[in-house]
file upload_3.cif (mmCIF, C-alpha atoms)
data_protein
#
loop_
_atom_site.label_atom_id
_atom_site.label_comp_id
_atom_site.auth_asym_id
_atom_site.auth_seq_id
_atom_site.Cartn_x
_atom_site.Cartn_y
_atom_site.Cartn_z
CA MET I 1 3.20 2.15 -212.63
CA THR I 2 3.72 4.00 -209.36
CA GLY I 3 0.35 5.71 -209.78
CA ALA I 4 -1.47 2.40 -209.75
CA ILE I 5 0.43 1.34 -206.63
CA GLU I 6 -0.35 4.66 -204.93
CA LYS I 7 -4.03 4.04 -205.68
CA LEU I 8 -3.78 0.55 -204.22
CA LEU I 9 -2.20 1.91 -201.03
CA MET I 10 -4.99 4.47 -200.69
CA GLU I 11 -7.65 1.81 -201.15
CA THR I 12 -5.96 -0.51 -198.66
CA ILE I 13 -4.78 1.73 -195.82
CA GLY I 14 -6.02 5.20 -196.84
CA LEU I 15 -2.53 6.59 -197.46
CA ASP I 16 -2.59 9.72 -199.62
CA SER I 17 0.83 9.58 -201.29
CA ALA I 18 0.81 13.37 -201.57
CA SER I 19 1.10 13.56 -197.79
CA VAL I 20 4.43 11.72 -197.74
CA GLY I 21 5.54 12.51 -201.28
CA PRO I 22 5.83 10.14 -204.25
CA THR I 23 9.57 9.84 -203.52
CA VAL I 24 8.84 7.78 -200.42
CA VAL I 25 6.50 5.44 -202.32
CA ARG I 26 8.89 5.11 -205.27
CA GLN I 27 11.81 4.26 -202.98
CA ALA I 28 9.72 1.68 -201.15
CA VAL I 29 8.71 0.12 -204.48
CA ARG I 30 12.34 -0.02 -205.62
CA ASP I 31 13.38 -1.64 -202.34
CA ARG I 32 10.64 -4.26 -202.58
CA MET I 33 11.39 -4.99 -206.25
CA ALA I 34 15.00 -5.64 -205.28
CA ALA I 35 13.91 -7.86 -202.37
CA CYS I 36 11.64 -9.85 -204.72
CA ARG I 37 14.33 -9.93 -207.42
CA ILE I 38 11.91 -8.45 -209.93
CA ALA I 39 13.42 -5.98 -212.39
CA ASN I 40 10.35 -5.20 -214.47
CA PRO I 41 7.93 -2.65 -212.89
CA GLN I 42 4.91 -4.15 -214.63
CA ALA I 43 5.84 -7.62 -213.39
CA TYR I 44 6.14 -6.28 -209.83
CA ARG I 45 2.73 -4.62 -210.01
CA GLU I 46 1.17 -7.90 -211.14
CA HIS I 47 2.98 -9.74 -208.35
CA LEU I 48 1.83 -7.12 -205.83
CA THR I 49 -1.86 -7.27 -206.76
CA GLY I 50 -1.83 -11.07 -206.52
CA SER I 51 0.10 -11.40 -203.28
CA PRO I 52 -1.38 -10.13 -199.99
CA GLN I 53 1.94 -10.95 -198.33
CA GLU I 54 3.89 -8.69 -200.70
CA LEU I 55 1.30 -5.94 -200.31
CA GLN I 56 1.88 -6.13 -196.56
CA GLU I 57 5.65 -5.92 -197.08
CA LEU I 58 5.18 -2.80 -199.21
CA ILE I 59 2.98 -1.26 -196.51
CA ASN I 60 5.73 -2.03 -193.99
CA ALA I 61 8.25 -0.27 -196.24
CA VAL I 62 6.06 2.81 -196.74
CA VAL I 63 5.12 3.31 -193.07
CA ILE I 64 8.00 5.02 -191.27
CA PRO I 65 7.64 4.91 -187.47
CA GLU I 66 8.26 8.14 -185.59
CA THR I 67 7.36 7.96 -181.91
CA TRP I 68 8.76 7.90 -178.40
CA PHE I 69 7.55 7.38 -174.84
CA PHE I 70 5.23 10.08 -173.51
CA ARG I 71 5.36 12.02 -176.76
CA ASP I 72 3.22 15.15 -176.24
CA ARG I 73 3.18 14.51 -172.52
CA GLU I 74 0.11 16.55 -171.72
CA ALA I 75 -1.99 14.16 -173.81
CA PHE I 76 -1.26 11.50 -171.17
CA THR I 77 -2.03 13.94 -168.37
CA MET I 78 -5.44 14.57 -169.93
CA LEU I 79 -5.97 10.87 -170.59
CA ALA I 80 -5.34 9.94 -166.94
CA ARG I 81 -7.50 12.79 -165.67
CA HIS I 82 -10.41 11.82 -167.94
CA ALA I 83 -10.11 8.17 -166.92
CA ARG I 84 -10.28 9.07 -163.23
CA VAL I 85 -13.25 11.40 -163.60
CA HIS I 86 -15.17 8.87 -165.74
CA LYS I 87 -14.14 5.74 -163.90
CA HIS I 88 -16.90 3.11 -163.77
CA ALA I 89 -17.45 -0.50 -162.73
CA GLN I 90 -16.24 -1.96 -166.02
CA PRO I 91 -12.57 -1.71 -167.04
CA THR I 92 -11.64 1.46 -168.88
CA LYS I 93 -11.01 0.61 -172.53
CA VAL I 94 -8.28 2.45 -174.44
CA LEU I 95 -7.40 2.21 -178.12
CA SER I 96 -4.05 3.35 -179.58
CA LEU I 97 -4.30 3.62 -183.38
CA PRO I 98 -1.86 3.75 -185.04
CA CYS I 99 0.30 2.29 -182.30
CA SER I 100 3.52 2.25 -184.34
CA THR I 101 6.27 0.40 -182.43
CA GLY I 102 4.40 0.42 -179.12
CA GLU I 103 5.78 3.39 -177.21
CA GLU I 104 2.42 5.18 -177.07
CA ALA I 105 0.43 2.17 -175.86
CA TYR I 106 2.96 1.38 -173.15
CA SER I 107 2.99 5.05 -172.13
CA VAL I 108 -0.78 4.82 -171.66
CA ALA I 109 -0.32 1.81 -169.37
CA MET I 110 2.26 3.67 -167.28
CA ALA I 111 0.06 6.77 -167.10
CA MET I 112 -2.91 4.69 -165.93
CA PHE I 113 -0.87 2.94 -163.25
CA ASP I 114 0.47 6.29 -162.11
CA ALA I 115 -3.08 7.63 -161.90
CA GLY I 116 -3.92 4.92 -159.36
CA PHE I 117 -5.56 2.32 -161.61
CA GLU I 118 -5.06 -1.36 -160.86
CA ALA I 119 -4.30 -3.80 -163.67
CA HIS I 120 -7.83 -5.21 -163.74
CA GLU I 121 -9.35 -1.73 -164.06
CA PHE I 122 -8.20 -0.97 -167.61
CA ASN I 123 -7.05 -2.61 -170.83
CA ILE I 124 -5.41 -1.27 -173.96
CA ASP I 125 -5.81 -2.34 -177.58
CA ALA I 126 -3.07 -1.24 -179.96
CA VAL I 127 -3.52 -1.46 -183.74
CA ASP I 128 -1.18 -0.67 -186.63
CA VAL I 129 -1.11 -1.41 -190.36
CA SER I 130 2.53 -2.50 -190.23
CA THR I 131 3.30 -6.08 -189.22
CA ARG I 132 6.90 -4.98 -188.68
CA ASN I 133 5.80 -2.30 -186.22
CA ILE I 134 3.62 -4.80 -184.35
CA ALA I 135 6.52 -7.28 -184.15
CA LEU I 136 8.79 -4.60 -182.70
CA ALA I 137 6.07 -3.51 -180.25
CA GLU I 138 5.60 -7.07 -179.00
CA ARG I 139 9.36 -7.58 -178.72
CA ALA I 140 9.37 -4.35 -176.66
CA VAL I 141 13.11 -3.65 -176.55
CA TYR I 142 13.85 0.06 -176.90
CA GLY I 143 16.94 2.17 -177.47
CA ARG I 144 17.67 5.74 -176.51
CA ASN I 145 15.71 7.22 -179.43
CA SER I 146 12.53 6.08 -177.69
CA PHE I 147 13.40 8.16 -174.62
CA ARG I 148 13.39 11.86 -175.47
CA GLY I 149 12.81 15.09 -173.61
CA SER I 150 13.46 16.01 -170.00
CA TYR I 151 10.77 13.84 -168.40
CA LEU I 152 12.37 10.42 -168.04
CA GLU I 153 11.60 9.52 -164.43
CA PHE I 154 9.30 6.74 -165.61
CA ARG I 155 12.28 4.89 -167.07
CA ASP I 156 13.69 4.00 -163.66
CA ARG I 157 10.29 2.91 -162.36
CA TYR I 158 9.04 0.83 -165.24
CA PHE I 159 11.96 -0.48 -167.31
CA GLU I 160 14.61 -3.13 -166.93
CA ALA I 161 17.82 -3.59 -168.87
CA VAL I 162 17.88 -6.44 -171.40
CA GLU I 163 20.12 -7.31 -174.31
CA GLY I 164 19.77 -4.58 -176.90
CA GLY I 165 18.16 -1.91 -174.71
CA LEU I 166 15.39 -1.47 -172.16
CA ARG I 167 12.10 -3.36 -171.82
CA PRO I 168 8.95 -2.29 -169.94
CA SER I 169 8.14 -4.29 -166.82
CA ALA I 170 5.91 -7.35 -167.09
CA ALA I 171 3.04 -5.43 -165.45
CA VAL I 172 3.11 -2.83 -168.25
CA LEU I 173 3.48 -5.40 -171.03
CA LYS I 174 0.46 -7.38 -169.84
CA GLN I 175 -1.88 -4.39 -170.19
CA VAL I 176 -1.52 -4.06 -173.96
CA ARG I 177 -2.89 -6.28 -176.72
CA PHE I 178 -1.40 -5.66 -180.18
CA ARG I 179 -3.13 -6.38 -183.49
CA VAL I 180 -2.55 -5.70 -187.18
CA GLY I 181 -5.31 -3.65 -188.78
CA ASN I 182 -6.31 -0.20 -189.93
CA LEU I 183 -9.05 2.29 -189.28
CA PHE I 184 -10.83 1.43 -192.52
CA GLY I 185 -10.74 -2.32 -191.90
CA THR I 186 -13.71 -4.37 -190.75
CA ARG I 187 -15.41 -3.54 -187.47
CA ALA I 188 -14.46 -7.03 -186.29
CA ILE I 189 -10.88 -5.85 -185.81
CA PHE I 190 -12.04 -3.74 -182.91
CA GLY I 191 -14.82 -5.97 -181.62
CA GLN I 192 -18.35 -4.79 -180.93
CA GLU I 193 -17.61 -2.72 -177.85
CA VAL I 194 -16.71 0.96 -177.82
CA TYR I 195 -13.68 2.61 -176.27
CA ASP I 196 -13.58 5.12 -173.45
CA ILE I 197 -10.38 6.73 -174.70
CA LEU I 198 -9.11 6.74 -178.26
CA LEU I 199 -5.65 7.93 -179.29
CA CYS I 200 -5.54 8.56 -183.04
CA ARG I 201 -2.62 10.93 -183.23
CA ASN I 202 -0.83 12.01 -186.41
CA LEU I 203 -2.83 9.70 -188.67
CA LEU I 204 -5.44 12.04 -190.19
CA ILE I 205 -2.71 14.18 -191.80
CA TYR I 206 -1.89 11.25 -194.10
CA PHE I 207 -5.44 11.11 -195.52
CA ASN I 208 -7.10 13.30 -198.11
CA ARG I 209 -10.17 15.28 -197.07
CA GLU I 210 -12.65 12.59 -198.06
CA LEU I 211 -10.81 9.94 -196.07
CA GLN I 212 -10.45 12.30 -193.11
CA ASP I 213 -14.24 12.54 -193.01
CA ARG I 214 -14.59 8.77 -193.25
CA ALA I 215 -11.98 8.33 -190.52
CA LEU I 216 -13.74 10.68 -188.11
CA THR I 217 -17.05 8.93 -188.75
CA ARG I 218 -15.40 5.63 -187.85
CA LEU I 219 -13.75 7.15 -184.77
CA LYS I 220 -17.16 8.33 -183.55
CA ASP I 221 -18.47 4.82 -184.04
CA LEU I 222 -15.63 3.44 -181.92
CA LEU I 223 -15.90 6.01 -179.12
CA ALA I 224 -18.23 5.91 -176.10
CA THR I 225 -20.67 8.81 -175.73
CA ASP I 226 -18.62 10.23 -172.84
CA GLY I 227 -15.34 9.19 -174.48
CA LEU I 228 -12.15 11.14 -175.10
CA LEU I 229 -10.44 11.50 -178.50
CA LEU I 230 -6.80 12.56 -178.71
CA VAL I 231 -5.33 13.73 -182.03
CA GLY I 232 -2.07 15.30 -183.17
CA PRO I 233 -1.27 19.03 -183.01
CA ALA I 234 -1.83 19.51 -186.75
CA GLU I 235 -5.18 17.71 -186.63
CA ALA I 236 -6.99 19.81 -184.05
CA ALA I 237 -9.28 21.45 -186.61
CA PHE I 238 -10.70 18.17 -187.95
CA PRO I 239 -12.72 16.80 -184.98
CA ARG I 240 -14.71 20.03 -184.67
CA LEU I 241 -16.03 19.53 -188.19
CA HIS I 242 -17.72 16.35 -186.94
CA GLY I 243 -19.25 17.74 -183.78
CA PHE I 244 -16.47 16.99 -181.31
CA ILE I 245 -15.93 19.51 -178.51
CA SER I 246 -12.51 20.65 -177.35
CA ALA I 247 -11.60 19.40 -173.88
CA GLU I 248 -9.75 22.70 -173.39
CA TRP I 249 -6.63 21.09 -171.96
CA PRO I 250 -3.32 22.78 -172.90
CA LEU I 251 -1.07 20.84 -175.28
CA ALA I 252 -3.26 17.71 -175.22
CA PHE I 253 -5.30 18.27 -178.42
CA ALA I 254 -8.13 16.37 -176.78
CA PHE I 255 -11.81 16.27 -177.73
CA LEU I 256 -15.07 15.02 -176.25
CA GLU I 257 -17.91 13.54 -178.25
CA SER I 258 -20.45 15.38 -176.09
CA GLU I 259 -20.58 18.18 -173.55
CA PRO I 260 -18.92 17.08 -170.29
CA ILE I 261 -21.18 16.36 -167.34
CA LYS I 262 -20.65 19.04 -164.72
CA ALA I 263 -19.80 16.74 -161.89
CA ALA I 264 -17.38 17.49 -159.11
CA ALA I 265 -14.00 16.01 -159.91
CA PRO I 266 -11.51 14.92 -157.26
CA THR I 267 -9.63 17.95 -156.05
CA THR I 268 -6.72 16.25 -154.35
CA ALA I 269 -3.75 15.20 -156.42
CA ILE I 270 -2.58 11.63 -156.10
CA PRO I 271 0.41 11.57 -153.71
CA VAL I 272 3.84 11.50 -155.27
CA ARG I 273 6.59 9.55 -153.56
CA THR I 274 9.81 11.45 -153.09
CA SER I 275 11.95 8.34 -153.51
CA THR I 276 12.04 5.98 -156.47
CA PRO I 277 10.80 2.48 -155.67
CA LYS I 278 12.58 -0.55 -157.05
CA LEU I 279 11.14 -2.07 -160.19
CA ASN I 280 8.04 -4.21 -159.52
CA LYS I 281 8.49 -3.93 -155.75
CA SER I 282 5.87 -1.32 -155.01
CA LYS I 283 2.90 0.39 -156.61
CA PRO I 284 3.83 2.75 -159.46
CA VAL I 285 3.86 6.43 -158.61
CA LEU I 286 2.40 9.44 -160.35
CA PRO I 287 4.53 11.42 -162.81
CA PRO I 288 5.10 15.02 -161.64
CA ARG I 289 2.35 16.52 -163.83
CA LEU I 290 -0.22 13.72 -163.81
CA THR I 291 -2.77 15.11 -161.37
CA VAL I 292 -6.54 15.09 -161.21
CA GLY I 293 -8.02 18.51 -160.56
CA LYS I 294 -11.20 20.53 -160.98
CA GLU I 295 -13.12 20.45 -164.23
CA ASN I 296 -11.45 22.60 -166.91
CA SER I 297 -8.63 23.62 -164.58
CA ALA I 298 -5.08 23.95 -165.87
CA PRO I 299 -2.63 21.15 -165.01
CA ALA I 300 -0.78 21.58 -161.73
CA LEU I 301 2.95 22.13 -162.10
CA ALA I 302 5.30 20.27 -159.82
CA LYS I 303 7.97 22.92 -160.21
CA PRO I 304 8.12 26.43 -161.72
CA VAL I 305 8.57 26.69 -165.46
CA ASP I 306 10.56 29.52 -167.02
CA GLN I 307 8.73 32.34 -168.72
CA VAL I 308 9.69 31.19 -172.23
CA SER I 309 8.12 27.77 -171.66
CA GLU I 310 5.01 29.30 -170.11
CA SER I 311 4.62 31.56 -173.12
CA LEU I 312 4.95 28.63 -175.54
CA VAL I 313 2.35 26.72 -173.53
CA ALA I 314 0.00 29.69 -173.83
CA VAL I 315 0.33 29.72 -177.62
CA GLU I 316 -0.47 26.00 -177.85
CA ARG I 317 -3.35 26.25 -175.38
CA ILE I 318 -5.03 29.04 -177.35
CA ALA I 319 -4.43 27.26 -180.66
CA ASN I 320 -5.83 24.03 -179.23
CA ALA I 321 -9.01 25.90 -178.30
CA GLY I 322 -9.42 26.88 -181.96
CA ARG I 323 -8.68 30.59 -181.47
CA VAL I 324 -6.16 30.79 -184.29
CA LYS I 325 -6.20 34.59 -184.69
CA GLU I 326 -5.50 35.07 -181.01
CA ALA I 327 -2.83 32.35 -181.10
CA GLN I 328 -1.03 34.23 -183.88
CA GLU I 329 -1.07 37.44 -181.85
CA VAL I 330 0.29 35.65 -178.79
CA ALA I 331 2.97 33.94 -180.88
CA LEU I 332 4.09 37.26 -182.37
CA ALA I 333 4.16 38.79 -178.89
CA HIS I 334 6.34 35.86 -177.77
CA LEU I 335 8.75 36.57 -180.64
CA GLU I 336 8.98 40.23 -179.72
CA LYS I 337 9.59 39.50 -176.04
CA PHE I 338 11.81 36.41 -176.14
CA GLY I 339 13.31 36.44 -179.62
CA PRO I 340 13.35 33.76 -182.31
CA SER I 341 13.39 30.00 -181.71
CA ALA I 342 12.56 27.00 -183.85
CA GLN I 343 9.59 26.05 -181.68
CA ILE I 344 7.86 29.43 -181.77
CA PHE I 345 8.26 29.65 -185.55
CA TYR I 346 6.87 26.12 -185.87
CA LEU I 347 3.86 26.98 -183.69
CA LEU I 348 3.31 30.22 -185.58
CA GLY I 349 3.39 28.26 -188.83
CA LEU I 350 0.77 25.83 -187.50
CA VAL I 351 -1.72 28.55 -186.57
CA GLN I 352 -1.09 30.50 -189.78
CA ASP I 353 -1.63 27.30 -191.74
CA ALA I 354 -4.88 26.63 -189.86
CA ASP I 355 -5.98 30.20 -190.62
CA GLY I 356 -5.43 29.75 -194.35
CA ALA I 357 -2.36 32.01 -194.51
CA ALA I 358 -0.31 29.51 -196.49
CA SER I 359 2.52 31.80 -197.62
CA LYS I 360 3.07 33.12 -194.10
CA ALA I 361 2.95 29.60 -192.71
CA ALA I 362 5.58 28.44 -195.21
CA GLN I 363 7.85 31.31 -194.17
CA SER I 364 7.45 30.41 -190.51
CA TYR I 365 8.17 26.71 -191.11
CA ARG I 366 11.30 27.67 -193.10
CA LYS I 367 12.49 29.90 -190.26
CA ALA I 368 12.01 27.02 -187.84
CA LEU I 369 14.11 24.78 -190.12
CA TYR I 370 16.78 27.45 -190.47
CA LEU I 371 17.20 27.44 -186.68
CA ALA I 372 16.73 23.67 -186.32
CA PRO I 373 17.39 21.89 -189.65
CA ASN I 374 16.22 18.53 -188.27
CA HIS I 375 12.93 19.79 -186.79
CA ARG I 376 10.79 16.86 -187.95
CA GLU I 377 7.37 18.40 -187.38
CA ALA I 378 8.34 21.51 -189.35
CA LEU I 379 9.64 19.29 -192.17
CA VAL I 380 6.40 17.31 -192.28
CA HIS I 381 4.07 20.30 -192.24
CA LEU I 382 6.06 22.35 -194.73
CA ALA I 383 6.09 19.36 -197.10
CA LEU I 384 2.31 18.99 -196.76
CA LEU I 385 1.84 22.71 -197.36
CA LEU I 386 4.04 22.74 -200.47
CA ARG I 387 2.16 19.71 -201.79
CA ARG I 388 -1.16 21.55 -201.40
CA GLN I 389 0.31 24.54 -203.24
CA GLY I 390 1.41 22.37 -206.14
CA ASP I 391 5.15 22.57 -205.41
CA HIS I 392 5.68 18.84 -205.83
CA SER I 393 9.46 19.00 -206.28
CA GLY I 394 9.86 21.08 -203.12
CA ALA I 395 7.62 18.72 -201.17
CA GLU I 396 9.52 15.67 -202.41
CA ALA I 397 12.84 17.26 -201.45
CA LEU I 398 11.57 17.81 -197.91
CA ALA I 399 10.18 14.27 -197.75
CA GLY I 400 13.57 12.90 -198.73
CA ARG I 401 15.22 15.11 -196.14
CA LEU I 402 12.84 13.78 -193.49
CA VAL I 403 13.67 10.19 -194.42
CA ARG I 404 17.40 10.96 -194.07
CA VAL I 405 16.83 12.56 -190.66
CA GLN I 406 14.88 9.51 -189.51
CA LYS I 407 17.52 7.10 -190.78
CA ARG I 408 20.29 9.01 -189.00
CA SER I 409 18.33 8.86 -185.74
CA GLY I 410 17.76 5.14 -186.13
CA THR I 411 13.95 5.32 -186.50
#
call {"tool": "encode", "arguments": {"input": "upload_3.cif", "output": "structure tokens"}}
result
Amino acid sequence: MTGAIEKLLMETIGLDSASVGPTVVRQAVRDRMAACRIANPQAYREHLTGSPQELQELINAVVIPETWFFRDREAFTMLARHARVHKHAQPTKVLSLPCSTGEEAYSVAMAMFDAGFEAHEFNIDAVDVSTRNIALAERAVYGRNSFRGSYLEFRDRYFEAVEGGLRPSAAVLKQVRFRVGNLFGTRAIFGQEVYDILLCRNLLIYFNRELQDRALTRLKDLLATDGLLLVGPAEAAFPRLHGFISAEWPLAFAFLESEPIKAAAPTTAIPVRTSTPKLNKSKPVLPPRLTVGKENSAPALAKPVDQVSESLVAVERIANAGRVKEAQEVALAHLEKFGPSAQIFYLLGLVQDADGAASKAAQSYRKALYLAPNHREALVHLALLLRRQGDHSGAEALAGRLVRVQKRSGT
């Protein structure tokens, strides 16, 4: 029975159940059967195939949101830089897909304001398969789990306290239009125009190879000829297979559809105020690392970073450029110089995985989880790797562990 439902989910939203593990799908089916008060699996399957509303509820149950504001911060640095360099008379169009519960799309709006754009100079479409995610994104009330990492200055500038948490300012909210849909839906979902910037991060890993190819073909169709595509860290190898060119920006995992035009880019960073303005009382300011510099230059740092962080950045930059052998060497050198950490083992696992060294990658992911048992990215990628190797029970155990971690964190 579950197999038929897994097939239906793949046909509807492209979800390869192997990427999340059958345990996740089975639990979602059990939860929905209980909600529908249906005890017989065959009866539920018949109800599911005849009810678009119940199919949507099952999709909502299967899709587990995992996001926060300015996740992978350098992606937003690259986004703002590209938008400035390619600014034109028409508003810059940005698509966030999947947009999950809205943190990414609102982060784009803040990054664009901080890069000097006025409200009429850009607009953002945000699309997700989950109606529950879209409802939460439109409600736009966020708790502390949506604010992670050390860069939180934007919170004072753009958010106001409301019952239940914090909400982005009205100026940020107005820039984003949310819709239910998926990448394999009709073209009408996205309209007839193309996008200048497309964020499709951490979606391709949930597709099988055939659907990854279909997805990248659709992404090309949605992207302007001088557009920018941003993907997740584990997806950096896929765009190259379809002719995309790395934007060579550290930690951004950004790609261009065509060779960049060698035009002089602004060389002066946008001024940064030293004091924090009151909410909605003055023009938003630039985050410390959102600067616009020379073509292919490294991002300017507002303050020195310690050597460990610089070394980690170097590993990711080399991996992002597709030089996986070199990235492995640099990662091993980092280990020798600075000692073990969950992040370096996770990065080493990523590049070993990309290089086809599955057994070594699995060992690295396990070492990362030994040092940080709740390292979500390591859990996800080790589960995917075990699934490819045929270790279904091991993959399902990790998938269940990931679900427990997410539930404990409130996501």
call {"tool": "atom_distance", "arguments": {"input": "upload_3.cif", "atom1": "CA of Asn60 (chain I)", "atom2": "CA of Leu136 (chain I)"}}
result
12.0 Å
call {"tool": "resolve_selection", "arguments": {"input": "upload_3.cif", "expression": "the PyMOL selection byres ((chain I and resi 148) around 12)", "output": "compact mmCIF listing (two decimals) with C-alpha atoms, keeping the file's coordinate frame"}}
result
# COMPACT_ATOMS: atom_id res chain seq x y z
CA GLU I 66 8.26 8.14 -185.59
CA THR I 67 7.36 7.96 -181.91
CA TRP I 68 8.76 7.90 -178.40
CA PHE I 69 7.55 7.38 -174.84
CA PHE I 70 5.23 10.08 -173.51
CA ARG I 71 5.36 12.02 -176.76
CA ASP I 72 3.22 15.15 -176.24
CA ARG I 73 3.18 14.51 -172.52
CA GLU I 103 5.78 3.39 -177.21
CA TYR I 142 13.85 0.06 -176.90
CA GLY I 143 16.94 2.17 -177.47
CA ARG I 144 17.67 5.74 -176.51
CA ASN I 145 15.71 7.22 -179.43
CA SER I 146 12.53 6.08 -177.69
CA PHE I 147 13.40 8.16 -174.62
CA GLY I 149 12.81 15.09 -173.61
CA SER I 150 13.46 16.01 -170.00
CA TYR I 151 10.77 13.84 -168.40
CA LEU I 152 12.37 10.42 -168.04
CA GLU I 153 11.60 9.52 -164.43
CA PHE I 154 9.30 6.74 -165.61
CA ARG I 155 12.28 4.89 -167.07
CA SER I 409 18.33 8.86 -185.74
call {"tool": "resolve_selection", "arguments": {"input": "upload_3.cif", "expression": "the PyMOL selection byres ((chain I and resi 220-237) around 7)", "output": "PyMOL selection string"}}
result
chain I and resi 194-202+204-205+216-219+238-240+253-258+320+350
call {"tool": "residues_around", "arguments": {"input": "upload_3.cif", "residues": "Val129 (chain I)", "least_positions_apart": "5", "cutoff": "7 Å", "atoms": "all atoms listed in the file", "output": "list in words"}}
result
Val180, Gly181 and Asn182 of chain I
call {"tool": "closest_residue", "arguments": {"input": "upload_3.cif", "among": "I:Leu203, I:Cys36, I:Phe113, I:Ile318", "to": "Cys99 (chain I)", "atoms": "all atoms listed in the file"}}
result
I:Leu203
call {"tool": "residues_around", "arguments": {"input": "upload_3.cif", "residues": "region 390-404 of chain I", "least_positions_apart": "4", "cutoff": "12 Å", "atoms": "all atoms listed in the file", "output": "ChimeraX atom specification"}}
result
/I:17-28,61-66,362,365-366,369,373-386,408-411
call {"tool": "closest_residue", "arguments": {"input": "upload_3.cif", "among": "I:His86, I:Lys367, I:Arg30, I:Arg139", "to": "Gly349 (chain I)", "atoms": "only C-alpha atoms"}}
result
I:Lys367
call {"tool": "resolve_selection", "arguments": {"input": "upload_3.cif", "expression": "the PyMOL selection byres ((chain I and resi 178) around 12)", "output": "number ranges by chain"}}
result
I: 95-106, 123-140, 173-177, 179-181, 189-190
call {"tool": "atom_distance", "arguments": {"input": "upload_3.cif", "atom1": "CA of Leu348 (chain I)", "atom2": "CA of Pro250 (chain I)"}}
result
16.1 Å
call {"tool": "decode", "arguments": {"input": "upload_3.cif", "residues": "region 78-127 of chain I", "atoms": "C-alpha atoms", "output": "PDB file, in the first residue's frame"}}
result
ATOM      1  CA  MET I  78      26.086  36.827  -3.926  1.00  0.00           C
ATOM      2  CA  LEU I  79      22.420  37.462  -4.678  1.00  0.00           C
ATOM      3  CA  ALA I  80      22.671  41.149  -3.747  1.00  0.00           C
ATOM      4  CA  ARG I  81      25.933  41.584  -5.643  1.00  0.00           C
ATOM      5  CA  HIS I  82      24.505  39.984  -8.794  1.00  0.00           C
ATOM      6  CA  ALA I  83      21.365  42.111  -8.568  1.00  0.00           C
ATOM      7  CA  ARG I  84      23.413  45.302  -8.339  1.00  0.00           C
ATOM      8  CA  VAL I  85      25.711  44.428 -11.227  1.00  0.00           C
ATOM      9  CA  HIS I  86      22.778  43.381 -13.460  1.00  0.00           C
ATOM     10  CA  LYS I  87      20.336  46.060 -12.400  1.00  0.00           C
ATOM     11  CA  HIS I  88      18.105  47.247 -15.253  1.00  0.00           C
ATOM     12  CA  ALA I  89      15.071  49.454 -15.862  1.00  0.00           C
ATOM     13  CA  GLN I  90      12.544  46.739 -15.044  1.00  0.00           C
ATOM     14  CA  PRO I  91      12.178  45.412 -11.483  1.00  0.00           C
ATOM     15  CA  THR I  92      14.514  42.570 -10.589  1.00  0.00           C
ATOM     16  CA  LYS I  93      12.489  39.370 -10.348  1.00  0.00           C
ATOM     17  CA  VAL I  94      13.414  36.755  -7.737  1.00  0.00           C
ATOM     18  CA  LEU I  95      11.932  33.300  -7.219  1.00  0.00           C
ATOM     19  CA  SER I  96      12.291  31.303  -3.983  1.00  0.00           C
ATOM     20  CA  LEU I  97      11.345  27.650  -4.580  1.00  0.00           C
ATOM     21  CA  PRO I  98      10.748  25.857  -2.313  1.00  0.00           C
ATOM     22  CA  CYS I  99      10.094  28.756   0.030  1.00  0.00           C
ATOM     23  CA  SER I 100       9.162  26.593   3.041  1.00  0.00           C
ATOM     24  CA  THR I 101       7.827  28.794   5.868  1.00  0.00           C
ATOM     25  CA  GLY I 102       9.047  32.043   4.333  1.00  0.00           C
ATOM     26  CA  GLU I 103      12.360  32.766   6.021  1.00  0.00           C
ATOM     27  CA  GLU I 104      14.345  32.568   2.780  1.00  0.00           C
ATOM     28  CA  ALA I 105      12.045  34.846   0.781  1.00  0.00           C
ATOM     29  CA  TYR I 106      11.981  37.470   3.520  1.00  0.00           C
ATOM     30  CA  SER I 107      15.771  37.224   3.809  1.00  0.00           C
ATOM     31  CA  VAL I 108      15.978  38.032   0.095  1.00  0.00           C
ATOM     32  CA  ALA I 109      13.843  41.133   0.641  1.00  0.00           C
ATOM     33  CA  MET I 110      16.077  42.301   3.488  1.00  0.00           C
ATOM     34  CA  ALA I 111      19.225  41.631   1.463  1.00  0.00           C
ATOM     35  CA  MET I 112      17.862  43.631  -1.470  1.00  0.00           C
ATOM     36  CA  PHE I 113      16.915  46.577   0.736  1.00  0.00           C
ATOM     37  CA  ASP I 114      20.346  46.449   2.328  1.00  0.00           C
ATOM     38  CA  ALA I 115      21.947  46.483  -1.124  1.00  0.00           C
ATOM     39  CA  GLY I 116      20.262  49.820  -1.834  1.00  0.00           C
ATOM     40  CA  PHE I 117      17.204  48.680  -3.802  1.00  0.00           C
ATOM     41  CA  GLU I 118      13.936  50.551  -3.397  1.00  0.00           C
ATOM     42  CA  ALA I 119      10.677  48.644  -3.023  1.00  0.00           C
ATOM     43  CA  HIS I 120       9.582  49.305  -6.608  1.00  0.00           C
ATOM     44  CA  GLU I 121      12.879  47.981  -7.992  1.00  0.00           C
ATOM     45  CA  PHE I 122      12.369  44.304  -7.155  1.00  0.00           C
ATOM     46  CA  ASN I 123       9.704  41.716  -6.397  1.00  0.00           C
ATOM     47  CA  ILE I 124       9.838  38.201  -5.005  1.00  0.00           C
ATOM     48  CA  ASP I 125       7.697  35.178  -5.801  1.00  0.00           C
ATOM     49  CA  ALA I 126       7.764  32.366  -3.253  1.00  0.00           C
ATOM     50  CA  VAL I 127       6.374  28.916  -4.077  1.00  0.00           C
TER      51      VAL I 127
END
